[in-house]
Each structure stands twice: as structure tokens, then as C-alpha cells.
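As provided, query05.cif (mmCIF, C-alpha atoms) reads as follows.
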data_query
#
loop_
_atom_site.group_PDB
_atom_site.id
_atom_site.type_symbol
_atom_site.label_atom_id
_atom_site.label_comp_id
_atom_site.auth_asym_id
_atom_site.auth_seq_id
_atom_site.Cartn_x
_atom_site.Cartn_y
_atom_site.Cartn_z
ATOM 1 C CA MET I 1 107.861 -128.514 -2.094
ATOM 2 C CA GLN I 2 107.632 -132.249 -1.798
ATOM 3 C CA VAL I 3 109.508 -135.241 -3.107
ATOM 4 C CA SER I 4 107.309 -138.100 -4.263
ATOM 5 C CA TYR I 5 108.246 -141.745 -4.185
ATOM 6 C CA ARG I 6 106.273 -144.483 -5.919
ATOM 7 C CA TYR I 7 107.012 -148.086 -5.143
ATOM 8 C CA ARG I 8 105.689 -150.715 -7.548
ATOM 9 C CA ALA I 9 105.731 -154.485 -7.536
ATOM 10 C CA GLN I 10 104.516 -157.060 -10.015
ATOM 11 C CA ARG I 11 101.573 -159.213 -9.026
ATOM 12 C CA SER I 12 103.855 -162.231 -8.940
ATOM 13 C CA ASP I 13 106.089 -160.492 -6.361
ATOM 14 C CA CYS I 14 103.157 -160.278 -3.953
ATOM 15 C CA GLN I 15 101.979 -163.908 -4.242
ATOM 16 C CA GLY I 16 103.991 -165.239 -1.279
ATOM 17 C CA CYS I 17 103.685 -162.170 0.951
ATOM 18 C CA PRO I 18 101.989 -162.820 4.342
ATOM 19 C CA VAL I 19 100.439 -159.313 4.465
ATOM 20 C CA ARG I 20 99.180 -159.420 0.891
ATOM 21 C CA SER I 21 95.530 -158.869 1.883
ATOM 22 C CA GLN I 22 96.419 -155.687 3.812
ATOM 23 C CA CYS I 23 98.650 -154.124 1.145
ATOM 24 C CA CYS I 24 96.767 -152.150 -1.502
ATOM 25 C CA PRO I 25 93.598 -154.296 -1.528
ATOM 26 C CA SER I 26 91.892 -152.205 -4.229
ATOM 27 C CA ASN I 27 94.670 -152.693 -6.775
ATOM 28 C CA ARG I 28 94.413 -156.411 -7.589
ATOM 29 C CA VAL I 29 94.677 -156.270 -11.387
ATOM 30 C CA THR I 30 97.817 -154.246 -12.119
ATOM 31 C CA GLY I 31 99.963 -155.289 -9.168
ATOM 32 C CA ARG I 32 100.835 -153.321 -6.068
ATOM 33 C CA SER I 33 101.926 -149.713 -5.821
ATOM 34 C CA ILE I 34 102.430 -147.361 -2.906
ATOM 35 C CA HIS I 35 102.849 -143.606 -3.172
ATOM 36 C CA ARG I 36 104.691 -141.724 -0.437
ATOM 37 C CA SER I 37 105.412 -137.978 -0.264
ATOM 38 C CA GLU I 38 108.134 -136.366 1.803
ATOM 39 C CA GLU I 39 108.573 -132.670 2.493
ATOM 40 C CA LEU I 40 112.032 -131.229 1.843
ATOM 41 C CA ALA I 41 114.138 -130.403 4.903
ATOM 42 C CA GLU I 42 114.264 -126.720 3.957
ATOM 43 C CA VAL I 43 110.470 -126.512 3.832
ATOM 44 C CA THR I 44 110.165 -128.228 7.205
ATOM 45 C CA GLU I 45 112.695 -125.831 8.746
ATOM 46 C CA PHE I 46 110.848 -122.832 7.296
ATOM 47 C CA ARG I 47 107.503 -124.044 8.663
ATOM 48 C CA GLN I 48 109.026 -124.494 12.119
ATOM 49 C CA LYS I 49 110.628 -121.058 11.974
ATOM 50 C CA MET I 50 107.340 -119.448 10.976
ATOM 51 C CA GLN I 51 105.622 -120.902 14.059
ATOM 52 C CA SER I 52 107.532 -118.486 16.308
ATOM 53 C CA GLU I 53 105.916 -115.197 17.265
ATOM 54 C CA GLN I 54 109.054 -113.267 16.281
ATOM 55 C CA ALA I 55 108.919 -114.579 12.702
ATOM 56 C CA ARG I 56 105.210 -113.803 12.444
ATOM 57 C CA GLU I 57 105.830 -110.213 13.551
ATOM 58 C CA ILE I 58 108.638 -109.775 11.026
ATOM 59 C CA TYR I 59 106.449 -111.059 8.197
ATOM 60 C CA ARG I 60 103.539 -108.891 9.364
ATOM 61 C CA GLN I 61 105.791 -105.852 8.934
ATOM 62 C CA ARG I 62 107.150 -107.152 5.640
ATOM 63 C CA ALA I 63 103.649 -107.539 4.251
ATOM 64 C CA GLN I 64 103.027 -103.823 4.641
ATOM 65 C CA VAL I 65 106.397 -102.742 3.281
ATOM 66 C CA ALA I 66 107.166 -105.221 0.507
ATOM 67 C CA GLU I 67 104.010 -106.985 -0.556
ATOM 68 C CA THR I 68 101.822 -103.922 -1.167
ATOM 69 C CA PRO I 69 104.087 -102.501 -3.906
ATOM 70 C CA ASN I 70 104.436 -105.931 -5.523
ATOM 71 C CA LEU I 71 100.688 -106.431 -5.579
ATOM 72 C CA TRP I 72 100.065 -102.901 -6.852
ATOM 73 C CA ILE I 73 102.569 -103.343 -9.704
ATOM 74 C CA LYS I 74 101.016 -106.664 -10.674
ATOM 75 C CA GLU I 75 97.448 -105.341 -10.526
ATOM 76 C CA LYS I 76 97.793 -101.840 -12.033
ATOM 77 C CA PHE I 77 100.488 -102.565 -14.610
ATOM 78 C CA GLY I 78 99.520 -106.154 -15.315
ATOM 79 C CA LEU I 79 103.187 -106.982 -14.779
ATOM 80 C CA ARG I 80 102.727 -110.635 -13.992
ATOM 81 C CA GLN I 81 104.863 -111.508 -16.974
ATOM 82 C CA PHE I 82 107.453 -109.391 -18.752
ATOM 83 C CA SER I 83 106.774 -108.268 -22.307
ATOM 84 C CA VAL I 84 110.443 -108.326 -23.359
ATOM 85 C CA ARG I 85 113.285 -110.833 -23.464
ATOM 86 C CA GLY I 86 116.767 -110.565 -22.087
ATOM 87 C CA LEU I 87 117.965 -109.751 -18.610
ATOM 88 C CA SER I 88 118.801 -106.110 -19.329
ATOM 89 C CA LYS I 89 115.416 -105.424 -20.966
ATOM 90 C CA VAL I 90 113.532 -107.170 -18.166
ATOM 91 C CA GLY I 91 115.546 -105.132 -15.649
ATOM 92 C CA MET I 92 114.563 -101.928 -17.435
ATOM 93 C CA GLU I 93 110.886 -102.886 -17.480
ATOM 94 C CA ALA I 94 110.970 -103.708 -13.763
ATOM 95 C CA LEU I 95 112.833 -100.460 -13.057
ATOM 96 C CA TRP I 96 110.192 -98.411 -14.878
ATOM 97 C CA ALA I 97 107.426 -100.137 -12.944
ATOM 98 C CA CYS I 98 109.170 -99.490 -9.617
ATOM 99 C CA LEU I 99 109.921 -95.864 -10.488
ATOM 100 C CA THR I 100 106.306 -95.297 -11.450
ATOM 101 C CA TYR I 101 105.124 -96.785 -8.181
ATOM 102 C CA ASN I 102 107.584 -94.680 -6.159
ATOM 103 C CA ILE I 103 106.557 -91.489 -7.974
ATOM 104 C CA ARG I 104 102.927 -92.294 -7.281
ATOM 105 C CA VAL I 105 103.604 -92.843 -3.571
ATOM 106 C CA CYS I 106 105.706 -89.656 -3.243
ATOM 107 C CA TRP I 107 103.098 -87.642 -5.141
ATOM 108 C CA ARG I 108 100.314 -88.872 -2.851
ATOM 109 C CA GLN I 109 102.377 -88.129 0.254
ATOM 110 C CA ALA I 110 103.182 -84.636 -1.017
ATOM 111 C CA ALA I 111 99.487 -84.038 -1.751
ATOM 112 C CA ALA I 112 98.536 -85.208 1.748
ATOM 113 C CA VAL I 113 101.124 -82.904 3.340
ATOM 114 C CA ALA I 114 99.886 -79.982 1.245
ATOM 115 C CA ILE I 115 96.308 -80.594 2.372
ATOM 116 C CA LEU I 116 97.330 -80.745 6.045
ATOM 117 C CA ALA I 117 99.495 -77.581 5.833
#
Before we go any further, please render this structure as C-alpha cells.
Amino acid sequence: MQVSYRYRAQRSDCQGCPVRSQCCPSNRVTGRSIHRSEELAEVTEFRQKMQSEQAREIYRQRAQVAETPNLWIKEKFGLRQFSVRGLSKVGMEALWACLTYNIRVCWRQAAAVAILA
């Protein structure tokens, strides 16, 4: 996430400036404006943390454990958006999706064990 800053000046403000020709040369009609973006401190900290090998390994493991069920629920159930309103109803819909996924995983594991036995 970024914070954007836009600085604007009237054309008359720039008339006496010694660096006028260097500042925004393509914007001569409507005055001068400069746009600057700054990343939030939290985002910068997270990016630095993710550069470490330890963090990469943790997220590699997390991808297998957490992301696969989330992606499966989104893809198979189309649960990218809830079809009900209210926190309790949304909780129930999410619970049903998670239960269905867990039953599917347990059923497949039981079938694989039965085949191997």
C-alpha cells in the first residue's frame, strides 16, 4: 500500500523560480504539479522480512497447508463472495465450505489407505 502526495503550484508561483525550466517542463499551461508516492512503513518492514531465507521457508510451507484449501474453496464452490448478509450467516456459509473441503480430504485419504491395504 502506498501513500500518494501531489504538490501543485499556480503558474504565477513559478515565475520567479530559478529552476523553473527544470521543474515539470511539459506542464506549462496549467501550472506545476509533482506527484510523489511513499510506501507505508509496515509494507517496507514486511518486504524486508520476506527477504530472509527463514521467512521464505515458512511461507513455502504455508502455501501447501493454507493456500491450497482457500484456492480449492474459491474455485470449486465459487466462494469468492458470500451469498448472504450478516456475520452469523457468513460464518455459517464459510463453515459449510470448510467442512465440505475437510470431508473431501478425509474421504480421499481414507480411499488411498484402503487401496494400499
Local residues around (109.6, -98.4, -10.9), at most 12 Å away, using all atoms listed in the file, as a list in words: Pro69, Asn70, Trp72, Ile73, Lys74, Phe77, Leu79, Gly91, Met92, Glu93, Ala94, Leu95, Trp96, Ala97, Cys98, Leu99, Thr100, Tyr101, Asn102, Ile103, Arg104 and Val105 of chain I
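Between atom CA of Gln54 of chain I and atom CA of Glu38 of chain I lies a distance of 27.3 Å.
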When you look at segment 42-49 of chain I with a cut-off of 12 Å (counting only C-alpha atoms), what residues show up, excluding the ones that are within fewer than 6 positions of it in the same chain? I need them as a PDB file with C-alpha atoms, in the frame of the given file.
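around_13.pdb, written as the output of this step:
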ATOM      1  CA  MET I   1     107.861-128.514  -2.094  1.00  0.00           C
ATOM      2  CA  GLN I   2     107.632-132.249  -1.798  1.00  0.00           C
ATOM      3  CA  VAL I   3     109.508-135.241  -3.107  1.00  0.00           C
ATOM      4  CA  ALA I  55     108.919-114.579  12.702  1.00  0.00           C
ATOM      5  CA  ARG I  56     105.210-113.803  12.444  1.00  0.00           C
ATOM      6  CA  GLU I  57     105.830-110.213  13.551  1.00  0.00           C
ATOM      7  CA  ILE I  58     108.638-109.775  11.026  1.00  0.00           C
ATOM      8  CA  TYR I  59     106.449-111.059   8.197  1.00  0.00           C
TER       9      TYR I  59
END
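Between atom CA of Gln10 of chain I and atom CA of Ile34 of chain I the interatomic distance comes to 12.2 Å.
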Apply the PyMOL selection byres ((chain I and resi 6) around 12) to the file shown and report the selected residues as a PDB file with C-alpha atoms, keeping the file's coordinate frame.
ATOM      1  CA  VAL I   3     109.508-135.241  -3.107  1.00  0.00           C
ATOM      2  CA  SER I   4     107.309-138.100  -4.263  1.00  0.00           C
ATOM      3  CA  TYR I   5     108.246-141.745  -4.185  1.00  0.00           C
ATOM      4  CA  TYR I   7     107.012-148.086  -5.143  1.00  0.00           C
ATOM      5  CA  ARG I   8     105.689-150.715  -7.548  1.00  0.00           C
ATOM      6  CA  ALA I   9     105.731-154.485  -7.536  1.00  0.00           C
ATOM      7  CA  ARG I  32     100.835-153.321  -6.068  1.00  0.00           C
ATOM      8  CA  SER I  33     101.926-149.713  -5.821  1.00  0.00           C
ATOM      9  CA  ILE I  34     102.430-147.361  -2.906  1.00  0.00           C
ATOM     10  CA  HIS I  35     102.849-143.606  -3.172  1.00  0.00           C
ATOM     11  CA  ARG I  36     104.691-141.724  -0.437  1.00  0.00           C
ATOM     12  CA  SER I  37     105.412-137.978  -0.264  1.00  0.00           C
ATOM     13  CA  GLU I  38     108.134-136.366   1.803  1.00  0.00           C
TER      14      GLU I  38
END
Per-axis box centre and lengths in Å around segment 29-47 of chain I, 5 Å margin per side, axis-aligned, as JSON:
{"center_x": 104.5, "center_y": -139.6, "center_z": -1.7, "size_x": 29.6, "size_y": 43.4, "size_z": 30.9}
Separation of atom CA of Arg62 of chain I from atom CA of Ala41 of chain I in Å: 24.3 Å
